[in-house]
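Asker: To be precise about what I am sending: the file is called entry_17.txt and holds compact mmCIF, N, CA and C atoms.
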# COMPACT_ATOMS: atom_id res chain seq x y z
N MET D 1 144.23 87.95 -12.34
CA MET D 1 144.25 88.44 -13.70
C MET D 1 142.85 88.76 -14.20
N LEU D 2 141.86 87.93 -13.88
CA LEU D 2 140.50 88.17 -14.33
C LEU D 2 139.62 88.61 -13.16
N GLY D 3 140.00 89.70 -12.54
CA GLY D 3 139.19 90.22 -11.45
C GLY D 3 137.90 90.81 -11.99
N PRO D 4 137.02 91.24 -11.11
CA PRO D 4 135.76 91.80 -11.56
C PRO D 4 135.98 93.10 -12.34
N VAL D 5 135.09 93.33 -13.30
CA VAL D 5 135.12 94.58 -14.06
C VAL D 5 134.12 95.51 -13.40
N VAL D 6 134.63 96.61 -12.83
CA VAL D 6 133.80 97.57 -12.13
C VAL D 6 133.90 98.90 -12.85
N VAL D 7 132.77 99.43 -13.29
CA VAL D 7 132.72 100.72 -13.98
C VAL D 7 131.66 101.57 -13.29
N GLY D 8 132.06 102.75 -12.84
CA GLY D 8 131.12 103.64 -12.17
C GLY D 8 130.52 103.03 -10.92
N GLY D 9 131.31 102.22 -10.24
CA GLY D 9 130.84 101.60 -9.01
C GLY D 9 129.94 100.38 -9.23
N VAL D 10 129.72 100.02 -10.49
CA VAL D 10 128.87 98.87 -10.80
C VAL D 10 129.75 97.71 -11.26
N SER D 11 129.57 96.55 -10.63
CA SER D 11 130.31 95.36 -11.04
C SER D 11 129.58 94.74 -12.22
N TRP D 12 130.21 94.82 -13.40
CA TRP D 12 129.57 94.36 -14.64
C TRP D 12 129.78 92.88 -14.89
N VAL D 13 130.93 92.39 -14.58
CA VAL D 13 131.21 90.98 -14.83
C VAL D 13 132.35 90.53 -13.94
N GLU D 14 132.26 89.28 -13.52
CA GLU D 14 133.36 88.65 -12.80
C GLU D 14 133.40 87.19 -13.24
N ILE D 15 134.48 86.81 -13.87
CA ILE D 15 134.62 85.45 -14.37
C ILE D 15 135.20 84.57 -13.27
N LYS D 16 134.46 83.52 -12.95
CA LYS D 16 134.90 82.60 -11.89
C LYS D 16 135.71 81.45 -12.48
N SER D 17 135.37 81.04 -13.72
CA SER D 17 136.11 79.94 -14.34
C SER D 17 135.92 79.96 -15.84
N ILE D 18 136.89 79.38 -16.53
CA ILE D 18 136.80 79.16 -17.98
C ILE D 18 137.15 77.70 -18.19
N LYS D 19 136.17 76.96 -18.69
CA LYS D 19 136.36 75.52 -18.94
C LYS D 19 136.06 75.25 -20.41
N LEU D 20 136.78 74.32 -20.97
CA LEU D 20 136.56 73.91 -22.35
C LEU D 20 136.22 72.43 -22.41
N HIS D 21 135.28 72.11 -23.26
CA HIS D 21 134.90 70.73 -23.52
C HIS D 21 135.16 70.46 -25.00
N VAL D 22 135.84 69.37 -25.30
CA VAL D 22 136.20 69.04 -26.68
C VAL D 22 135.65 67.64 -26.98
N PHE D 23 135.08 67.51 -28.18
CA PHE D 23 134.48 66.24 -28.60
C PHE D 23 134.97 65.89 -30.00
N LEU D 24 135.29 64.62 -30.22
CA LEU D 24 135.60 64.12 -31.55
C LEU D 24 134.51 63.13 -31.95
N ARG D 25 134.30 63.04 -33.25
CA ARG D 25 133.32 62.07 -33.75
C ARG D 25 133.84 60.65 -33.50
N GLY D 26 132.92 59.78 -33.15
CA GLY D 26 133.25 58.37 -33.00
C GLY D 26 133.28 57.70 -34.35
N GLU D 27 133.58 56.41 -34.36
CA GLU D 27 133.61 55.64 -35.61
C GLU D 27 132.26 55.66 -36.32
N ASP D 28 131.18 55.83 -35.55
CA ASP D 28 129.84 55.86 -36.14
C ASP D 28 129.48 57.24 -36.70
N GLY D 29 130.42 58.20 -36.56
CA GLY D 29 130.18 59.54 -37.08
C GLY D 29 129.47 60.47 -36.12
N ASN D 30 129.17 59.99 -34.92
CA ASN D 30 128.44 60.78 -33.94
C ASN D 30 129.35 61.27 -32.81
N PHE D 31 128.90 62.30 -32.13
CA PHE D 31 129.59 62.83 -30.95
C PHE D 31 128.94 62.24 -29.70
N ASP D 32 129.73 62.05 -28.66
CA ASP D 32 129.22 61.62 -27.36
C ASP D 32 129.22 62.84 -26.45
N PHE D 33 128.10 63.56 -26.44
CA PHE D 33 128.03 64.78 -25.64
C PHE D 33 127.82 64.50 -24.16
N LEU D 34 127.67 63.24 -23.80
CA LEU D 34 127.58 62.90 -22.38
C LEU D 34 128.96 62.87 -21.73
N GLY D 35 129.99 62.85 -22.57
CA GLY D 35 131.35 62.87 -22.05
C GLY D 35 131.79 61.56 -21.46
N GLU D 36 131.23 60.47 -21.96
CA GLU D 36 131.54 59.15 -21.40
C GLU D 36 132.44 58.31 -22.30
N SER D 37 133.09 58.94 -23.25
CA SER D 37 133.97 58.18 -24.14
C SER D 37 135.37 58.79 -24.13
N PRO D 38 136.36 58.04 -24.63
CA PRO D 38 137.71 58.60 -24.70
C PRO D 38 137.83 59.68 -25.77
N LEU D 39 136.75 59.93 -26.51
CA LEU D 39 136.76 60.97 -27.53
C LEU D 39 136.17 62.27 -27.00
N CYS D 40 136.17 62.41 -25.68
CA CYS D 40 135.71 63.62 -25.01
C CYS D 40 136.79 64.06 -24.03
N ALA D 41 136.95 65.35 -23.91
CA ALA D 41 137.92 65.86 -22.94
C ALA D 41 137.41 67.17 -22.36
N GLN D 42 137.77 67.40 -21.13
CA GLN D 42 137.41 68.64 -20.45
C GLN D 42 138.65 69.22 -19.82
N GLY D 43 138.78 70.53 -19.91
CA GLY D 43 139.92 71.19 -19.30
C GLY D 43 139.54 72.53 -18.72
N SER D 44 140.43 73.07 -17.94
CA SER D 44 140.22 74.36 -17.30
C SER D 44 141.35 75.31 -17.70
N VAL D 45 140.97 76.50 -18.12
CA VAL D 45 141.96 77.53 -18.43
C VAL D 45 142.09 78.49 -17.25
N PHE D 46 141.00 78.69 -16.52
CA PHE D 46 140.98 79.62 -15.39
C PHE D 46 140.00 79.10 -14.36
N PRO D 47 140.29 79.10 -13.08
CA PRO D 47 141.42 79.74 -12.42
C PRO D 47 142.70 78.91 -12.43
N ASN D 48 142.58 77.62 -12.66
CA ASN D 48 143.77 76.76 -12.71
C ASN D 48 143.91 76.21 -14.12
N MET D 49 145.10 76.30 -14.66
CA MET D 49 145.37 75.80 -16.01
C MET D 49 145.56 74.29 -15.94
N GLN D 50 144.58 73.55 -16.49
CA GLN D 50 144.65 72.09 -16.53
C GLN D 50 144.08 71.65 -17.88
N MET D 51 144.94 71.65 -18.89
CA MET D 51 144.48 71.39 -20.25
C MET D 51 145.12 70.15 -20.87
N ASP D 52 145.74 69.29 -20.08
CA ASP D 52 146.44 68.12 -20.63
C ASP D 52 145.53 67.21 -21.44
N THR D 53 144.35 66.86 -20.90
CA THR D 53 143.47 65.94 -21.63
C THR D 53 142.93 66.59 -22.90
N VAL D 54 142.67 67.89 -22.86
CA VAL D 54 142.22 68.60 -24.07
C VAL D 54 143.34 68.61 -25.10
N ASN D 55 144.55 68.89 -24.67
CA ASN D 55 145.69 68.88 -25.60
C ASN D 55 145.86 67.51 -26.25
N GLN D 56 145.72 66.45 -25.47
CA GLN D 56 145.85 65.10 -26.01
C GLN D 56 144.78 64.82 -27.07
N LEU D 57 143.55 65.25 -26.79
CA LEU D 57 142.46 65.01 -27.75
C LEU D 57 142.64 65.86 -29.01
N LEU D 58 143.11 67.09 -28.85
CA LEU D 58 143.37 67.93 -30.03
C LEU D 58 144.51 67.35 -30.87
N ASN D 59 145.49 66.77 -30.23
CA ASN D 59 146.58 66.10 -30.97
C ASN D 59 146.04 64.90 -31.74
N LEU D 60 145.15 64.13 -31.10
CA LEU D 60 144.52 63.01 -31.79
C LEU D 60 143.71 63.50 -32.99
N ALA D 61 142.98 64.58 -32.82
CA ALA D 61 142.20 65.15 -33.92
C ALA D 61 143.10 65.55 -35.08
N THR D 62 144.25 66.09 -34.78
CA THR D 62 145.20 66.50 -35.82
C THR D 62 145.71 65.28 -36.58
N LYS D 63 146.04 64.23 -35.84
CA LYS D 63 146.50 62.98 -36.49
C LYS D 63 145.40 62.40 -37.38
N ARG D 64 144.16 62.43 -36.89
CA ARG D 64 143.04 61.95 -37.69
C ARG D 64 142.87 62.77 -38.97
N LEU D 65 143.05 64.07 -38.86
CA LEU D 65 142.93 64.93 -40.04
C LEU D 65 143.99 64.58 -41.08
N PHE D 66 145.23 64.41 -40.64
CA PHE D 66 146.30 63.99 -41.56
C PHE D 66 145.94 62.67 -42.22
N PHE D 67 145.44 61.72 -41.41
CA PHE D 67 145.07 60.41 -41.95
C PHE D 67 143.97 60.54 -43.00
N LYS D 68 142.98 61.37 -42.71
CA LYS D 68 141.87 61.56 -43.64
C LYS D 68 142.36 62.18 -44.95
N ILE D 69 143.24 63.15 -44.84
CA ILE D 69 143.78 63.79 -46.05
C ILE D 69 144.56 62.78 -46.89
N THR D 70 145.42 62.00 -46.25
CA THR D 70 146.21 61.02 -47.01
C THR D 70 145.31 59.93 -47.60
N SER D 71 144.27 59.54 -46.88
CA SER D 71 143.33 58.54 -47.41
C SER D 71 142.62 59.08 -48.65
N MET D 72 142.24 60.33 -48.61
CA MET D 72 141.57 60.94 -49.77
C MET D 72 142.53 61.04 -50.95
N MET D 73 143.78 61.37 -50.66
CA MET D 73 144.78 61.45 -51.72
C MET D 73 144.99 60.08 -52.36
N GLU D 74 145.03 59.04 -51.54
CA GLU D 74 145.19 57.69 -52.07
C GLU D 74 143.96 57.29 -52.91
N ALA D 75 142.78 57.70 -52.45
CA ALA D 75 141.55 57.34 -53.16
C ALA D 75 141.51 57.95 -54.57
N VAL D 76 142.09 59.14 -54.71
CA VAL D 76 142.11 59.77 -56.04
C VAL D 76 143.42 59.46 -56.77
N GLN D 77 144.18 58.53 -56.20
CA GLN D 77 145.43 58.05 -56.79
C GLN D 77 146.44 59.18 -57.03
N ALA D 78 146.60 60.01 -56.00
CA ALA D 78 147.60 61.08 -56.06
C ALA D 78 149.00 60.47 -56.09
N ASN D 79 149.93 61.26 -56.49
CA ASN D 79 151.33 60.85 -56.56
C ASN D 79 151.80 60.40 -55.17
N HIS D 80 152.35 59.19 -55.09
CA HIS D 80 152.81 58.66 -53.81
C HIS D 80 153.91 59.54 -53.19
N ALA D 81 154.69 60.19 -54.02
CA ALA D 81 155.75 61.07 -53.50
C ALA D 81 155.16 62.25 -52.72
N LYS D 82 153.92 62.59 -52.99
CA LYS D 82 153.26 63.67 -52.24
C LYS D 82 152.53 63.14 -51.01
N ILE D 83 152.11 61.89 -51.09
CA ILE D 83 151.38 61.30 -49.96
C ILE D 83 152.33 60.89 -48.84
N HIS D 84 153.46 60.31 -49.20
CA HIS D 84 154.39 59.76 -48.22
C HIS D 84 154.83 60.78 -47.15
N PRO D 85 155.23 62.01 -47.53
CA PRO D 85 155.62 62.97 -46.48
C PRO D 85 154.49 63.29 -45.50
N LEU D 86 153.25 63.33 -46.01
CA LEU D 86 152.12 63.57 -45.11
C LEU D 86 151.91 62.41 -44.16
N GLN D 87 152.09 61.20 -44.65
CA GLN D 87 151.96 60.03 -43.78
C GLN D 87 153.00 60.06 -42.68
N GLN D 88 154.22 60.44 -43.03
CA GLN D 88 155.28 60.53 -42.01
C GLN D 88 154.98 61.65 -41.01
N ALA D 89 154.52 62.78 -41.51
CA ALA D 89 154.22 63.91 -40.63
C ALA D 89 153.07 63.59 -39.68
N SER D 90 152.13 62.78 -40.15
CA SER D 90 150.96 62.47 -39.31
C SER D 90 151.35 61.74 -38.03
N ALA D 91 152.42 60.99 -38.07
CA ALA D 91 152.85 60.25 -36.88
C ALA D 91 153.27 61.19 -35.74
N MET D 92 153.78 62.35 -36.11
CA MET D 92 154.25 63.30 -35.09
C MET D 92 153.39 64.55 -35.03
N ALA D 93 152.25 64.53 -35.71
CA ALA D 93 151.40 65.73 -35.77
C ALA D 93 150.87 66.10 -34.39
N SER D 94 150.79 67.38 -34.16
CA SER D 94 150.22 67.88 -32.90
C SER D 94 149.49 69.18 -33.17
N PHE D 95 148.72 69.59 -32.22
CA PHE D 95 147.94 70.82 -32.31
C PHE D 95 148.39 71.72 -31.16
N PRO D 96 149.43 72.51 -31.39
CA PRO D 96 149.96 73.32 -30.29
C PRO D 96 149.01 74.45 -29.91
N CYS D 97 148.68 74.51 -28.65
CA CYS D 97 147.79 75.56 -28.15
C CYS D 97 148.51 76.38 -27.08
N GLU D 98 148.38 77.66 -27.20
CA GLU D 98 148.92 78.57 -26.19
C GLU D 98 147.76 79.05 -25.32
N TRP D 99 147.41 78.25 -24.34
CA TRP D 99 146.26 78.55 -23.51
C TRP D 99 146.45 79.84 -22.73
N SER D 100 147.68 80.15 -22.36
CA SER D 100 147.93 81.41 -21.65
C SER D 100 147.62 82.61 -22.55
N SER D 101 147.82 82.46 -23.86
CA SER D 101 147.47 83.53 -24.80
C SER D 101 145.96 83.72 -24.84
N LEU D 102 145.22 82.62 -24.80
CA LEU D 102 143.76 82.71 -24.76
C LEU D 102 143.31 83.46 -23.51
N LEU D 103 143.94 83.14 -22.40
CA LEU D 103 143.59 83.80 -21.14
C LEU D 103 143.90 85.30 -21.20
N ARG D 104 145.06 85.66 -21.73
CA ARG D 104 145.40 87.08 -21.88
C ARG D 104 144.41 87.80 -22.80
N ALA D 105 144.06 87.16 -23.90
CA ALA D 105 143.12 87.76 -24.85
C ALA D 105 141.75 87.96 -24.19
N THR D 106 141.35 87.02 -23.36
CA THR D 106 140.08 87.16 -22.63
C THR D 106 140.14 88.35 -21.69
N PHE D 107 141.24 88.48 -20.98
CA PHE D 107 141.42 89.60 -20.07
C PHE D 107 141.36 90.93 -20.83
N HIS D 108 142.07 91.01 -21.95
CA HIS D 108 142.08 92.25 -22.73
C HIS D 108 140.70 92.55 -23.31
N SER D 109 139.99 91.53 -23.73
CA SER D 109 138.63 91.73 -24.26
C SER D 109 137.70 92.26 -23.19
N LEU D 110 137.82 91.72 -21.99
CA LEU D 110 137.00 92.24 -20.88
C LEU D 110 137.30 93.70 -20.61
N SER D 111 138.58 94.01 -20.56
CA SER D 111 138.98 95.40 -20.29
C SER D 111 138.51 96.33 -21.39
N ASP D 112 138.70 95.92 -22.65
CA ASP D 112 138.28 96.75 -23.77
C ASP D 112 136.78 96.98 -23.76
N THR D 113 136.04 95.93 -23.48
CA THR D 113 134.57 96.04 -23.46
C THR D 113 134.10 96.98 -22.35
N ALA D 114 134.74 96.90 -21.22
CA ALA D 114 134.31 97.68 -20.07
C ALA D 114 134.77 99.13 -20.12
N TYR D 115 135.96 99.37 -20.61
CA TYR D 115 136.56 100.70 -20.44
C TYR D 115 136.70 101.50 -21.72
N LYS D 116 136.30 100.97 -22.86
CA LYS D 116 136.44 101.74 -24.11
C LYS D 116 135.09 102.09 -24.66
What is this file in structure tokens?

Answerer:
Amino acid sequence: MLGPVVVGGVSWVEIKSIKLHVFLRGEDGNFDFLGESPLCAQGSVFPNMQMDTVNQLLNLATKRLFFKITSMMEAVQANHAKIHPLQQASAMASFPCEWSSLLRATFHSLSDTAYK
């Protein structure tokens, strides 16, 4: 799918891999860019799709966001009837990613850049 882009006999680009690194802030408010904590994940979109650990960390980030929102609502004493549904939703919150769509978009961007 992501073969080399050749225009006029010149190979302009060839993508060998696409990897993503995701980091969440720790309790101390800092990121661990060394990748040695459970708040770090690495995945591959290309050539092999292996995004399970990234998906898990993005789901955790979504749950944390819901928790932060509900905590802020409680702090300003918002109506409990508005907070409760968010608290329930946070238990099942997820961050759905269509990694194959990202890969297709990358392919189309390469083609558009090279041939248009």

Asker: Could you pull out all residues of region 4-110 of chain D with a DSSP call of alpha helix (DSSP H) and give them as a ChimeraX atom specification?

Answerer: /D:52-75,80-91,99-110

Asker: For a quick check of understanding, using only C-alpha atoms, which of D:Phe46, D:Cys97, D:Leu39, D:Asp32 has the smallest distance to Ile18 (chain D)?

Answerer: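 Selected residue with least distance to Ile18 (chain D): D:Phe46.
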
Asker: Residues near Thr53 (chain D), anyone? I mean within 6 Å using all atoms listed in the file, not counting same-chain ones fewer than 5 positions away, as a list of chain:residue names.

Answerer: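 After dropping sequence-adjacent residues, the list is D:Ala41, D:Gln42, D:Leu58.
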
Asker: Just the selected residues (N, CA and C atoms), exported as a compact mmCIF listing (two decimals), in the coordinates of the input, please.

Answerer:
# COMPACT_ATOMS: atom_id res chain seq x y z
N ALA D 41 136.95 65.35 -23.91
CA ALA D 41 137.92 65.86 -22.94
C ALA D 41 137.41 67.17 -22.36
N GLN D 42 137.77 67.40 -21.13
CA GLN D 42 137.41 68.64 -20.45
C GLN D 42 138.65 69.22 -19.82
N LEU D 58 143.11 67.09 -28.85
CA LEU D 58 143.37 67.93 -30.03
C LEU D 58 144.51 67.35 -30.87

Asker: May I have the protein, DNA and RNA residues with any atom at most 9 Å from the point (146.8, 66.2, -37.2), counting only C-alpha atoms, written as a PyMOL selection string?

Answerer: chain D and resi 58-67+89-95

Asker: For the atom pair atom N of Ser44 (chain D) and atom N of Val13 (chain D), what is the interatomic distance in Å to one decimal place?

Answerer: 21.8 Å

Asker: Separation of atom N of Phe23 (chain D) and atom N of Asp112 (chain D), in Å?

Answerer: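 Between atom N of Phe23 (chain D) and atom N of Asp112 (chain D) the gap is 29.2 Å.
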
Asker: At what distance in Å, to one decimal, does CA of Glu14 (chain D) lie from CA of Ser111 (chain D)?

Answerer: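 Answer for the CA of Ser111 (chain D) to CA of Glu14 (chain D) separation: 11.5 Å.
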
Asker: Mind the document's chain letters and residue numbers, and return as a PyMOL selection string the residues of region 11-105 of chain D that DSSP labels strand (DSSP E).

Answerer: chain D and resi 11-13+18-23+40-46

Asker: Kindly provide, as a list in words, the polymer residues lying within 8 Å of (144.5, 75.9, -21.6), counting only C-alpha atoms and using the coordinates exactly as they appear in the file.

Answerer: Gly43, Ser44, Val45, Met49, Gln50, Met51, Cys97, Glu98, Trp99, Ser100, Leu102 and Leu103 of chain D
